[in-house]
file run-v3.cif (mmCIF, C-alpha atoms)
data_upload
#
loop_
_atom_site.label_atom_id
_atom_site.label_comp_id
_atom_site.auth_asym_id
_atom_site.auth_seq_id
_atom_site.Cartn_x
_atom_site.Cartn_y
_atom_site.Cartn_z
CA MET A 1 136.98 36.08 120.14
CA ASP A 2 136.61 33.56 122.96
CA GLU A 3 135.76 36.40 125.28
CA GLU A 4 133.07 37.50 122.85
CA LYS A 5 131.64 33.97 122.73
CA THR A 6 131.47 34.00 126.52
CA TRP A 7 129.55 37.29 126.45
CA ILE A 8 127.20 35.90 123.80
CA LEU A 9 126.52 32.75 125.81
CA GLN A 10 125.90 34.82 128.93
CA ALA A 11 123.59 37.13 126.97
CA GLN A 12 121.71 34.09 125.67
CA GLN A 13 121.20 33.06 129.27
CA GLY A 14 119.60 36.44 129.98
CA SER A 15 122.50 38.60 131.15
CA ASP A 16 121.77 42.24 130.29
CA GLU A 17 125.33 43.18 131.19
CA ALA A 18 126.67 40.78 128.59
CA PHE A 19 124.35 42.11 125.92
CA THR A 20 125.36 45.67 126.81
CA PHE A 21 128.96 44.65 126.14
CA LEU A 22 127.90 43.39 122.71
CA VAL A 23 126.07 46.68 122.01
CA GLU A 24 129.20 48.61 123.03
CA THR A 25 131.33 46.46 120.74
CA TYR A 26 129.12 46.52 117.66
CA GLN A 27 127.39 49.89 117.87
CA LYS A 28 129.74 51.48 115.35
CA PRO A 29 129.52 48.83 112.58
CA VAL A 30 125.75 48.54 112.96
CA PHE A 31 125.24 52.30 112.99
CA ASN A 32 127.58 52.71 110.03
CA LEU A 33 125.66 50.13 107.97
CA CYS A 34 122.34 51.80 108.79
CA TYR A 35 123.77 55.24 108.06
CA ARG A 36 125.16 54.21 104.68
CA MET A 37 121.88 52.49 103.84
CA LEU A 38 119.49 55.22 104.97
CA GLY A 39 121.70 58.28 104.54
CA GLU A 40 120.39 60.15 107.58
CA ALA A 41 121.86 60.10 111.10
CA ASP A 42 118.48 60.12 112.91
CA TRP A 43 117.07 57.27 110.83
CA ALA A 44 120.34 55.39 111.22
CA GLU A 45 120.23 55.78 115.02
CA ASP A 46 116.66 54.49 115.11
CA ALA A 47 117.45 51.60 112.75
CA ALA A 48 120.57 50.64 114.70
CA GLN A 49 118.65 50.66 118.01
CA GLU A 50 115.87 48.58 116.46
CA SER A 51 118.40 46.13 115.02
CA PHE A 52 119.92 45.60 118.47
CA LEU A 53 116.45 45.11 119.95
CA ARG A 54 115.68 42.48 117.32
CA ALA A 55 119.01 40.81 118.01
CA TYR A 56 118.21 40.82 121.73
CA LYS A 57 114.81 39.20 121.15
CA ASN A 58 116.18 36.58 118.76
CA LEU A 59 119.44 35.87 120.56
CA HIS A 60 118.27 32.37 121.50
CA ARG A 61 118.11 31.59 117.77
CA TYR A 62 121.70 32.67 117.12
CA ASP A 63 123.99 29.74 116.30
CA VAL A 64 127.32 30.31 118.05
CA LYS A 65 129.11 28.52 115.19
CA ARG A 66 128.30 31.45 112.92
CA SER A 67 129.98 34.85 113.01
CA PHE A 68 128.11 37.11 115.42
CA ALA A 69 129.07 40.21 113.41
CA THR A 70 127.62 38.73 110.22
CA TRP A 71 124.44 37.69 112.03
CA LEU A 72 124.03 41.14 113.56
CA LEU A 73 124.78 43.00 110.32
CA SER A 74 122.35 40.70 108.55
CA ILE A 75 119.58 41.82 110.93
CA ALA A 76 120.50 45.48 110.40
CA ALA A 77 120.73 45.11 106.61
CA HIS A 78 117.36 43.37 106.36
CA TYR A 79 115.79 45.99 108.61
CA CYS A 80 117.13 48.85 106.47
CA ILE A 81 116.13 47.16 103.20
CA ASP A 82 112.59 46.64 104.55
CA LYS A 83 112.45 50.21 105.77
CA LEU A 84 113.57 51.58 102.40
CA ARG A 85 111.09 49.39 100.52
CA ARG A 86 108.11 50.08 102.79
CA LYS A 87 108.52 53.72 103.59
CA LYS A 88 110.31 54.81 100.45
CA LEU A 89 112.56 57.15 102.39
CA PRO A 90 113.59 60.13 100.28
CA THR A 91 117.01 59.84 98.71
CA PHE A 92 118.94 62.47 96.85
CA SER A 93 118.66 61.93 93.11
CA LEU A 94 121.32 63.05 90.69
CA HIS A 95 118.62 63.63 88.07
CA ASP A 96 115.81 66.15 88.01
CA ASP A 97 112.16 65.27 87.32
CA GLU A 98 112.76 65.38 83.60
CA GLY A 99 115.67 62.96 83.84
CA ASN A 100 118.38 65.54 83.15
CA ALA A 101 121.63 65.36 85.06
CA ARG A 102 121.48 67.70 88.05
CA GLU A 103 124.43 69.86 88.97
CA TYR A 104 125.90 68.54 92.19
CA ILE A 105 125.75 71.13 94.95
CA PRO A 106 127.51 70.29 98.19
CA ASP A 107 125.73 71.20 101.41
CA ALA A 108 128.40 73.66 102.50
CA GLY A 109 126.17 75.31 105.12
CA ALA A 110 125.27 72.15 107.00
CA VAL A 111 125.60 72.52 110.76
CA LEU A 112 127.51 69.68 112.32
CA PRO A 113 126.44 68.68 115.84
CA GLU A 114 129.61 66.74 116.57
CA LYS A 115 133.21 67.43 115.66
CA ALA A 116 133.12 67.97 111.96
CA ALA A 117 134.89 65.32 109.95
CA ILE A 118 136.11 66.53 106.62
CA TYR A 119 135.89 63.82 104.05
CA SER A 120 137.79 63.94 100.86
CA ASP A 121 135.69 65.11 97.94
CA GLN A 122 135.63 61.67 96.43
CA GLN A 123 134.48 59.89 99.57
CA ALA A 124 131.65 62.35 100.12
CA TYR A 125 130.65 62.06 96.51
CA ILE A 126 130.63 58.26 96.40
CA GLU A 127 128.38 58.23 99.46
CA THR A 128 125.93 60.46 97.61
CA LEU A 129 126.01 58.13 94.62
CA LEU A 130 125.15 55.16 96.84
CA GLY A 131 121.62 56.54 97.10
CA GLU A 132 121.12 55.72 93.43
CA LEU A 133 121.66 51.98 93.92
CA SER A 134 118.91 49.49 94.71
CA GLU A 135 118.54 48.61 98.40
CA THR A 136 120.20 45.19 98.14
CA ASP A 137 123.01 46.39 95.85
CA ARG A 138 123.71 49.21 98.30
CA ALA A 139 123.79 46.78 101.21
CA ALA A 140 126.23 44.56 99.30
CA ILE A 141 128.53 47.51 98.54
CA VAL A 142 128.42 48.79 102.12
CA LEU A 143 129.20 45.35 103.55
CA ARG A 144 132.00 44.84 101.01
CA TYR A 145 133.80 48.17 101.40
CA TRP A 146 132.84 49.57 104.80
CA HIS A 147 132.85 46.25 106.64
CA ASP A 148 135.44 44.43 104.59
CA ALA A 149 133.08 41.47 104.27
CA SER A 150 133.93 38.65 101.90
CA GLU A 151 131.50 37.62 99.17
CA VAL A 152 130.59 34.56 101.25
CA GLU A 153 129.81 36.71 104.30
CA ILE A 154 127.75 39.13 102.19
CA ALA A 155 125.83 36.19 100.75
CA GLU A 156 125.15 34.90 104.24
CA ALA A 157 124.09 38.31 105.53
CA LEU A 158 121.75 39.10 102.63
CA ASP A 159 120.40 35.59 102.00
CA LEU A 160 121.89 35.48 98.51
CA THR A 161 124.09 33.04 96.65
CA VAL A 162 127.78 33.92 96.22
CA SER A 163 127.32 34.26 92.46
CA ALA A 164 124.38 36.62 93.05
CA VAL A 165 126.60 38.73 95.31
CA LYS A 166 129.34 38.86 92.66
CA SER A 167 126.78 39.88 90.08
CA ARG A 168 125.28 42.56 92.34
CA LEU A 169 128.70 44.02 93.19
CA HIS A 170 129.60 44.04 89.51
CA ARG A 171 126.34 45.77 88.60
CA ALA A 172 126.66 48.27 91.46
CA ARG A 173 130.18 49.27 90.34
CA ARG A 174 128.93 49.65 86.79
CA THR A 175 126.06 51.89 87.95
CA LEU A 176 128.38 53.96 90.12
CA GLY A 177 130.81 54.27 87.22
CA ASP A 178 128.01 55.43 84.91
CA LEU A 179 126.87 58.01 87.44
CA TRP A 180 130.42 59.20 88.04
CA GLU A 181 130.98 59.55 84.31
CA ASP A 182 127.70 61.44 83.80
CA ASN A 183 128.19 63.67 86.84
CA PRO A 184 131.90 64.26 87.35
CA GLN A 185 132.91 64.83 90.92
CA PRO A 186 132.72 68.46 92.06
CA SER A 187 135.98 70.27 92.64
CA GLN A 188 134.91 72.13 95.77
CA ASN A 189 135.88 70.86 99.16
CA MET A 190 132.89 69.63 101.11
CA GLU A 191 132.28 69.40 104.79
CA ARG A 192 129.41 67.10 105.61
CA MET A 193 128.32 63.92 107.33
CA PRO A 194 128.11 64.22 111.06
CA TYR A 195 129.60 61.47 113.21
CA GLY A 196 132.33 60.65 110.70
CA SER A 197 135.40 58.94 112.06
CA PRO A 198 138.27 57.00 110.53
CA ALA A 199 137.60 53.44 109.45
CA PHE A 200 138.82 50.69 111.73
CA MET B 1 145.69 45.81 76.17
CA ASP B 2 142.16 46.72 75.12
CA HIS B 3 139.43 48.67 76.86
CA GLN B 4 137.35 45.56 77.64
CA HIS B 5 140.20 43.96 79.56
CA PHE B 6 140.70 46.99 81.81
CA GLU B 7 136.95 47.54 82.23
CA ASN B 8 136.48 43.95 83.39
CA LEU B 9 139.30 44.30 85.90
CA LEU B 10 137.75 47.51 87.20
CA LEU B 11 134.20 46.13 87.37
CA ASN B 12 135.48 43.22 89.44
CA ASP B 13 137.71 45.56 91.47
CA THR B 14 140.68 43.33 90.69
CA PRO B 15 144.14 44.85 91.27
CA ILE B 16 145.88 45.83 88.04
CA PRO B 17 148.92 43.59 87.43
CA ARG B 18 152.20 45.48 87.80
CA GLU B 19 153.31 44.76 84.23
CA GLU B 20 150.08 46.34 82.92
CA GLU B 21 150.24 49.42 85.13
CA SER B 22 151.74 51.81 82.58
CA ALA B 23 149.35 50.68 79.83
CA PHE B 24 146.49 51.08 82.29
CA GLN B 25 147.53 54.64 83.22
CA ALA B 26 147.81 55.53 79.53
CA HIS B 27 144.36 54.06 78.89
CA LEU B 28 142.82 56.09 81.72
CA LYS B 29 143.93 59.30 80.01
CA VAL B 30 141.93 58.51 76.90
CA CYS B 31 138.97 56.54 78.33
CA ALA B 32 136.48 58.50 80.45
CA ARG B 33 134.53 55.30 81.25
CA CYS B 34 137.51 53.48 82.77
CA ALA B 35 138.69 56.67 84.48
CA ALA B 36 135.28 56.97 86.17
CA LEU B 37 135.35 53.31 87.26
CA ALA B 38 138.88 53.73 88.59
CA GLU B 39 137.79 56.76 90.62
CA VAL B 40 134.80 54.83 91.98
CA ASN B 41 137.00 51.92 93.06
CA ARG B 42 139.59 54.24 94.58
CA SER B 43 136.89 56.03 96.57
CA LEU B 44 135.26 52.79 97.70
CA ASN B 45 138.60 51.49 98.91
CA HIS B 46 139.17 54.57 101.07
CA VAL B 47 135.85 54.90 102.87
CA VAL B 48 135.45 55.96 106.49
CA MET B 49 133.17 54.50 109.16
CA ALA B 50 130.35 56.57 110.64
CA ALA B 51 129.99 56.38 114.41
CA PRO B 52 126.83 57.04 116.44
CA ALA B 53 126.56 60.02 118.76
CA PRO B 54 127.96 59.34 122.26
CA GLY B 55 125.60 57.54 124.65
CA PHE B 56 124.30 55.00 122.16
CA THR B 57 124.37 52.17 124.71
CA SER B 58 122.51 54.22 127.33
CA ARG B 59 119.86 55.10 124.77
CA PHE B 60 119.57 51.42 123.87
CA GLN B 61 119.16 50.44 127.53
CA ALA B 62 116.46 53.09 127.96
CA ARG B 63 114.68 51.83 124.86
CA LEU B 64 114.90 48.24 126.02
CA ALA B 65 113.53 49.19 129.45
CA ALA B 66 110.65 51.11 127.85
CA GLN B 67 109.83 48.17 125.63
CA ARG B 68 109.89 45.76 128.56
CA LYS B 69 107.58 48.04 130.52
CA ALA B 70 105.16 48.21 127.59
CA GLN B 71 105.35 44.44 127.21
CA ARG B 72 104.58 43.93 130.92
CA LYS B 73 101.64 46.31 130.59
CA ARG B 74 100.32 44.38 127.60
CA TYR B 75 100.82 41.09 129.46
CA PHE B 76 98.90 42.21 132.54
CA PHE B 77 96.15 43.75 130.40
CA GLY B 78 95.88 40.47 128.46
CA ILE B 79 95.67 38.43 131.67
CA PHE B 80 93.01 40.80 133.04
CA ILE B 81 90.89 40.54 129.85
CA LEU B 82 91.29 36.76 129.85
CA LEU B 83 90.26 36.40 133.50
CA PHE B 84 87.38 38.84 133.17
CA SER B 85 85.98 37.16 130.06
CA GLY B 86 86.64 33.69 131.54
CA VAL B 87 84.71 34.50 134.69
CA GLY B 88 81.91 36.10 132.61
CA ILE B 89 81.56 33.07 130.32
CA GLY B 90 81.78 30.70 133.30
CA LEU B 91 78.98 32.52 135.09
CA TRP B 92 76.89 32.66 131.93
CA VAL B 93 77.22 28.90 131.47
CA ALA B 94 76.98 27.95 135.14
CA LEU B 95 74.12 30.18 136.34
CA PRO B 96 71.25 28.23 134.66
CA ILE B 97 72.77 24.94 135.87
CA ILE B 98 73.20 26.22 139.39
CA SER B 99 69.68 27.59 139.51
CA THR B 100 68.26 24.29 138.20
CA LEU B 101 70.41 22.34 140.65
CA LEU B 102 69.10 24.44 143.52
CA PHE B 103 65.42 24.36 142.58
CA SER B 104 64.99 20.90 140.92
CA PRO B 105 68.10 18.68 141.20
CA THR B 106 66.27 15.52 140.02
CA GLU B 107 65.30 17.15 136.73
CA LEU B 108 68.90 18.21 136.12
CA LEU B 109 70.30 14.75 136.82
CA THR B 110 67.69 13.17 134.53
CA SER B 111 68.54 15.54 131.68
CA TRP B 112 72.26 14.78 132.11
CA ALA B 113 71.57 11.04 132.00
CA GLN B 114 69.48 11.50 128.84
CA THR B 115 72.23 13.54 127.16
CA LEU B 116 74.81 10.88 128.06
CA ALA B 117 72.62 8.09 126.74
CA SER B 118 71.87 9.87 123.43
CA THR B 119 75.60 10.63 122.97
CA LEU B 120 76.49 6.97 123.46
CA VAL B 121 73.80 5.90 120.98
CA MET B 122 75.09 8.44 118.44
CA ILE B 123 78.67 7.14 118.77
CA GLU B 124 77.45 3.56 118.33
CA ASN B 125 75.54 4.53 115.17
CA ILE B 126 78.59 6.33 113.71
CA VAL B 127 80.78 3.27 114.38
CA ASP B 128 78.20 0.98 112.70
CA ALA B 129 77.93 3.29 109.67
CA ALA B 130 81.71 3.51 109.34
CA SER B 131 82.14 -0.27 109.49
CA VAL B 132 79.48 -0.74 106.79
CA ILE B 133 81.10 1.90 104.52
CA GLY B 134 84.50 0.30 105.14
CA ARG B 135 83.26 -3.16 104.12
CA VAL B 136 81.52 -1.82 100.99
CA ALA B 137 84.41 0.45 99.94
CA VAL B 138 87.01 -2.34 100.28
CA GLY B 139 84.82 -4.43 97.99
CA PHE B 140 85.06 -2.15 94.97
CA ILE B 141 88.13 0.07 95.61
CA PRO B 142 91.38 -1.86 95.04
CA ALA B 143 93.96 -1.94 97.83
CA LYS B 144 96.53 -0.29 95.52
CA THR B 145 94.33 2.80 95.19
CA PHE B 146 94.11 3.01 98.99
CA GLY B 147 97.89 2.75 99.21
CA LEU B 148 98.35 5.41 96.53
CA ALA B 149 95.92 7.78 98.24
CA LEU B 150 97.70 7.30 101.55
CA GLY B 151 101.08 7.89 99.86
CA VAL B 152 99.87 11.13 98.24
CA ILE B 153 98.47 12.36 101.54
CA SER B 154 101.75 11.52 103.30
CA LEU B 155 103.79 13.35 100.64
CA LEU B 156 101.57 16.42 100.85
CA SER B 157 101.92 16.42 104.64
CA LEU B 158 105.70 16.07 104.35
CA GLY B 159 105.87 18.96 101.86
CA TRP B 160 103.75 21.12 104.13
CA MET B 161 105.97 20.33 107.15
CA ILE B 162 109.16 21.13 105.19
CA SER B 163 107.80 24.43 103.89
CA PHE B 164 106.63 25.33 107.41
CA GLN B 165 110.09 24.56 108.83
CA LYS B 166 111.77 26.59 106.06
CA SER B 167 109.62 29.62 106.71
CA ALA B 168 110.28 29.29 110.47
CA LEU B 169 114.03 29.15 109.81
CA HIS B 170 113.82 32.17 107.50
CA GLN B 171 112.04 34.18 110.19
CA ALA B 172 114.67 33.17 112.72
CA VAL B 173 117.44 35.07 110.87
#
call {"tool": "encode", "arguments": {"input": "run-v3.cif", "output": "structure tokens"}}
result
Amino acid sequence: MDEEKTWILQAQQGSDEAFTFLVETYQKPVFNLCYRMLGEADWAEDAAQESFLRAYKNLHRYDVKRSFATWLLSIAAHYCIDKLRRKKLPTFSLHDDEGNAREYIPDAGAVLPEKAAIYSDQQAYIETLLGELSETDRAAIVLRYWHDASEVEIAEALDLTVSAVKSRLHRARRTLGDLWEDNPQPSQNMERMPYGSPAF
Amino acid sequence: MDHQHFENLLLNDTPIPREEESAFQAHLKVCARCAALAEVNRSLNHVVMAAPAPGFTSRFQARLAAQRKAQRKRYFFGIFILLFSGVGIGLWVALPIISTLLFSPTELLTSWAQTLASTLVMIENIVDAASVIGRVAVGFIPAKTFGLALGVISLLSLGWMISFQKSALHQAV
């Protein structure tokens, strides 16, 4: 951690090498957050790059007493939430235009550019269900489960109170539970999601 | 144990106490709602991280370099526009003065002296008018009202400064 602080201080003084080290270190968590928020590898790549650029520009405002990871993920989360709100990126809906439950069809024919990572059925399915949550609820769930963030850290990252985070997590689980109950998980094995790798 | 108890535990993703485990498993067999919530929690607790395609850092460096180049371009273009317009405005203002100075310098100096004199007279008049208004106003507006007005203005200024600082801090995140 001390080493990281040194890199951050050097980056704040204008060292590109130091900032490159930070990009190397945090590329995976930032990309993962963007990917889970936006649901598309290309958009996630663009959002992650943009988040790092914003971090680079605002590095002088970063308070070294705070967690750098939380600060960085906060930038990425806000960027993705803004992007989703402004552009209304298409998300897969589990309901058709008339509001009827749609049969879940896995994208079995998807071509994977990298080594294919086979998720369990449940993991792939829960990621699809995430698209049904509101932007901020989704960010809270992703930070909680993919980044192992505490409620305090989520509150800090999303500019919410701790009780608001608890309430959002509660509501998100309820929504996911409702969706799971209405659309039981498919039995087929699915192969999807490029760039998948085991959690750290 | 009732449904509500297990549902609350599941909605808060709280571990099921060991002594309630068998009752919980039995409940899951008869309650589709809790079974769905349990599946959701189990899935969420076994997620995997997505990693970017190799070369992310190189792509970032290229993007940063491109942005810096564009920024430099904008900077130089801005400086050029500023200089060009500055020189243009300067010439536009200075040319009549220079021509007058060359052809009739006495006339120019006289007009400057007149302008200076009229400005001084105007300032003197404003000061006189202000002192008269001040004397009259103090006569019929009580000192407390002045104090109150000043206090309100100070509070409004303070509120404006605080809100400005808050918005600046918010943007800094």
call {"tool": "residues_around", "arguments": {"input": "run-v3.cif", "residues": "region 29-39 of chain B", "least_positions_apart": "3", "cutoff": "7 Å", "atoms": "only C-alpha atoms", "output": "compact mmCIF listing (two decimals) with C-alpha atoms, keeping the file's coordinate frame"}}
result
# COMPACT_ATOMS: atom_id res chain seq x y z
CA GLY A 177 130.81 54.27 87.22
CA TRP A 180 130.42 59.20 88.04
CA GLU A 181 130.98 59.55 84.31
CA GLU B 7 136.95 47.54 82.23
CA LEU B 10 137.75 47.51 87.20
CA GLN B 25 147.53 54.64 83.22
CA ALA B 26 147.81 55.53 79.53
CA ARG B 42 139.59 54.24 94.58
CA SER B 43 136.89 56.03 96.57
call {"tool": "atom_distance", "arguments": {"input": "run-v3.cif", "atom1": "CA of Phe19 (chain A)", "atom2": "CA of Val142 (chain A)"}}
result
25.1 Å
call {"tool": "resolve_selection", "arguments": {"input": "run-v3.cif", "expression": "the PyMOL selection byres ((chain A) within 9 of (chain B))", "output": "PDB file with C-alpha atoms, keeping the file's coordinate frame"}}
result
ATOM      1  CA  THR A  20     125.360  45.670 126.810  1.00  0.00           C
ATOM      2  CA  PHE A  21     128.960  44.650 126.140  1.00  0.00           C
ATOM      3  CA  VAL A  23     126.070  46.680 122.010  1.00  0.00           C
ATOM      4  CA  GLU A  24     129.200  48.610 123.030  1.00  0.00           C
ATOM      5  CA  GLN A  27     127.390  49.890 117.870  1.00  0.00           C
ATOM      6  CA  LYS A  28     129.740  51.480 115.350  1.00  0.00           C
ATOM      7  CA  PRO A  29     129.520  48.830 112.580  1.00  0.00           C
ATOM      8  CA  PHE A  31     125.240  52.300 112.990  1.00  0.00           C
ATOM      9  CA  ASN A  32     127.580  52.710 110.030  1.00  0.00           C
ATOM     10  CA  LEU A  33     125.660  50.130 107.970  1.00  0.00           C
ATOM     11  CA  TYR A  35     123.770  55.240 108.060  1.00  0.00           C
ATOM     12  CA  ARG A  36     125.160  54.210 104.680  1.00  0.00           C
ATOM     13  CA  ALA A  41     121.860  60.100 111.100  1.00  0.00           C
ATOM     14  CA  ALA A  44     120.340  55.390 111.220  1.00  0.00           C
ATOM     15  CA  GLU A  45     120.230  55.780 115.020  1.00  0.00           C
ATOM     16  CA  GLN A  49     118.650  50.660 118.010  1.00  0.00           C
ATOM     17  CA  GLU A  50     115.870  48.580 116.460  1.00  0.00           C
ATOM     18  CA  PHE A  52     119.920  45.600 118.470  1.00  0.00           C
ATOM     19  CA  LEU A  53     116.450  45.110 119.950  1.00  0.00           C
ATOM     20  CA  ASN A  58     116.180  36.580 118.760  1.00  0.00           C
ATOM     21  CA  ARG A  61     118.110  31.590 117.770  1.00  0.00           C
ATOM     22  CA  TYR A  62     121.700  32.670 117.120  1.00  0.00           C
ATOM     23  CA  TRP A  71     124.440  37.690 112.030  1.00  0.00           C
ATOM     24  CA  SER A  74     122.350  40.700 108.550  1.00  0.00           C
ATOM     25  CA  ILE A  75     119.580  41.820 110.930  1.00  0.00           C
ATOM     26  CA  GLU A 114     129.610  66.740 116.570  1.00  0.00           C
ATOM     27  CA  TYR A 119     135.890  63.820 104.050  1.00  0.00           C
ATOM     28  CA  GLN A 122     135.630  61.670  96.430  1.00  0.00           C
ATOM     29  CA  GLN A 123     134.480  59.890  99.570  1.00  0.00           C
ATOM     30  CA  ALA A 124     131.650  62.350 100.120  1.00  0.00           C
ATOM     31  CA  TYR A 125     130.650  62.060  96.510  1.00  0.00           C
ATOM     32  CA  ILE A 126     130.630  58.260  96.400  1.00  0.00           C
ATOM     33  CA  GLU A 127     128.380  58.230  99.460  1.00  0.00           C
ATOM     34  CA  ILE A 141     128.530  47.510  98.540  1.00  0.00           C
ATOM     35  CA  TYR A 145     133.800  48.170 101.400  1.00  0.00           C
ATOM     36  CA  TRP A 146     132.840  49.570 104.800  1.00  0.00           C
ATOM     37  CA  HIS A 147     132.850  46.250 106.640  1.00  0.00           C
ATOM     38  CA  LYS A 166     129.340  38.860  92.660  1.00  0.00           C
ATOM     39  CA  LEU A 169     128.700  44.020  93.190  1.00  0.00           C
ATOM     40  CA  HIS A 170     129.600  44.040  89.510  1.00  0.00           C
ATOM     41  CA  ARG A 171     126.340  45.770  88.600  1.00  0.00           C
ATOM     42  CA  ALA A 172     126.660  48.270  91.460  1.00  0.00           C
ATOM     43  CA  ARG A 173     130.180  49.270  90.340  1.00  0.00           C
ATOM     44  CA  ARG A 174     128.930  49.650  86.790  1.00  0.00           C
ATOM     45  CA  LEU A 176     128.380  53.960  90.120  1.00  0.00           C
ATOM     46  CA  GLY A 177     130.810  54.270  87.220  1.00  0.00           C
ATOM     47  CA  ASP A 178     128.010  55.430  84.910  1.00  0.00           C
ATOM     48  CA  LEU A 179     126.870  58.010  87.440  1.00  0.00           C
ATOM     49  CA  TRP A 180     130.420  59.200  88.040  1.00  0.00           C
ATOM     50  CA  GLU A 181     130.980  59.550  84.310  1.00  0.00           C
ATOM     51  CA  PRO A 184     131.900  64.260  87.350  1.00  0.00           C
ATOM     52  CA  MET A 193     128.320  63.920 107.330  1.00  0.00           C
ATOM     53  CA  PRO A 194     128.110  64.220 111.060  1.00  0.00           C
ATOM     54  CA  TYR A 195     129.600  61.470 113.210  1.00  0.00           C
ATOM     55  CA  GLY A 196     132.330  60.650 110.700  1.00  0.00           C
ATOM     56  CA  SER A 197     135.400  58.940 112.060  1.00  0.00           C
ATOM     57  CA  PRO A 198     138.270  57.000 110.530  1.00  0.00           C
ATOM     58  CA  ALA A 199     137.600  53.440 109.450  1.00  0.00           C
ATOM     59  CA  PHE A 200     138.820  50.690 111.730  1.00  0.00           C
TER      60      PHE A 200
END
call {"tool": "residues_around", "arguments": {"input": "run-v3.cif", "residues": "Leu59 (chain A)", "least_positions_apart": "3", "cutoff": "9 Å", "atoms": "all atoms listed in the file", "output": "MDAnalysis selection string"}}
result
chainID A and resid 8 11:12 54:56 62:63
call {"tool": "build_atoms", "arguments": {"input": "run-v3.cif", "residues": "region 135-152 of chain B", "atoms": "N, CA and C atoms", "output": "compact mmCIF listing (two decimals), in the frame of the given file"}}
result
# COMPACT_ATOMS: atom_id res chain seq x y z
N ARG B 135 83.42 -1.85 104.76
CA ARG B 135 83.26 -3.16 104.12
C ARG B 135 82.90 -2.99 102.64
N VAL B 136 81.97 -2.04 102.38
CA VAL B 136 81.52 -1.82 100.99
C VAL B 136 82.66 -1.24 100.15
N ALA B 137 83.35 -0.24 100.71
CA ALA B 137 84.41 0.45 99.94
C ALA B 137 85.54 -0.52 99.58
N VAL B 138 85.92 -1.38 100.54
CA VAL B 138 87.01 -2.34 100.28
C VAL B 138 86.62 -3.28 99.15
N GLY B 139 85.31 -3.53 99.04
CA GLY B 139 84.82 -4.43 97.99
C GLY B 139 85.08 -3.92 96.59
N PHE B 140 84.91 -2.62 96.35
CA PHE B 140 85.06 -2.15 94.97
C PHE B 140 86.23 -1.18 94.75
N ILE B 141 86.92 -0.75 95.82
CA ILE B 141 88.13 0.07 95.61
C ILE B 141 89.35 -0.82 95.86
N PRO B 142 90.23 -0.97 94.86
CA PRO B 142 91.38 -1.86 95.04
C PRO B 142 92.34 -1.34 96.13
N ALA B 143 93.05 -2.28 96.73
CA ALA B 143 93.96 -1.94 97.83
C ALA B 143 95.07 -1.00 97.36
N LYS B 144 95.46 -1.15 96.06
CA LYS B 144 96.53 -0.29 95.52
C LYS B 144 96.11 1.18 95.53
N THR B 145 94.82 1.41 95.22
CA THR B 145 94.33 2.80 95.19
C THR B 145 94.39 3.39 96.60
N PHE B 146 94.01 2.55 97.60
CA PHE B 146 94.11 3.01 98.99
C PHE B 146 95.55 3.40 99.33
N GLY B 147 96.46 2.51 98.93
CA GLY B 147 97.89 2.75 99.21
C GLY B 147 98.37 4.02 98.54
N LEU B 148 97.94 4.21 97.29
CA LEU B 148 98.35 5.41 96.53
C LEU B 148 97.82 6.69 97.20
N ALA B 149 96.53 6.61 97.59
CA ALA B 149 95.92 7.78 98.24
C ALA B 149 96.66 8.11 99.53
N LEU B 150 96.97 7.08 100.29
CA LEU B 150 97.70 7.30 101.55
C LEU B 150 99.08 7.90 101.28
N GLY B 151 99.75 7.38 100.24
CA GLY B 151 101.08 7.89 99.86
C GLY B 151 101.02 9.36 99.49
N VAL B 152 100.01 9.72 98.67
CA VAL B 152 99.87 11.13 98.24
C VAL B 152 99.63 12.02 99.45
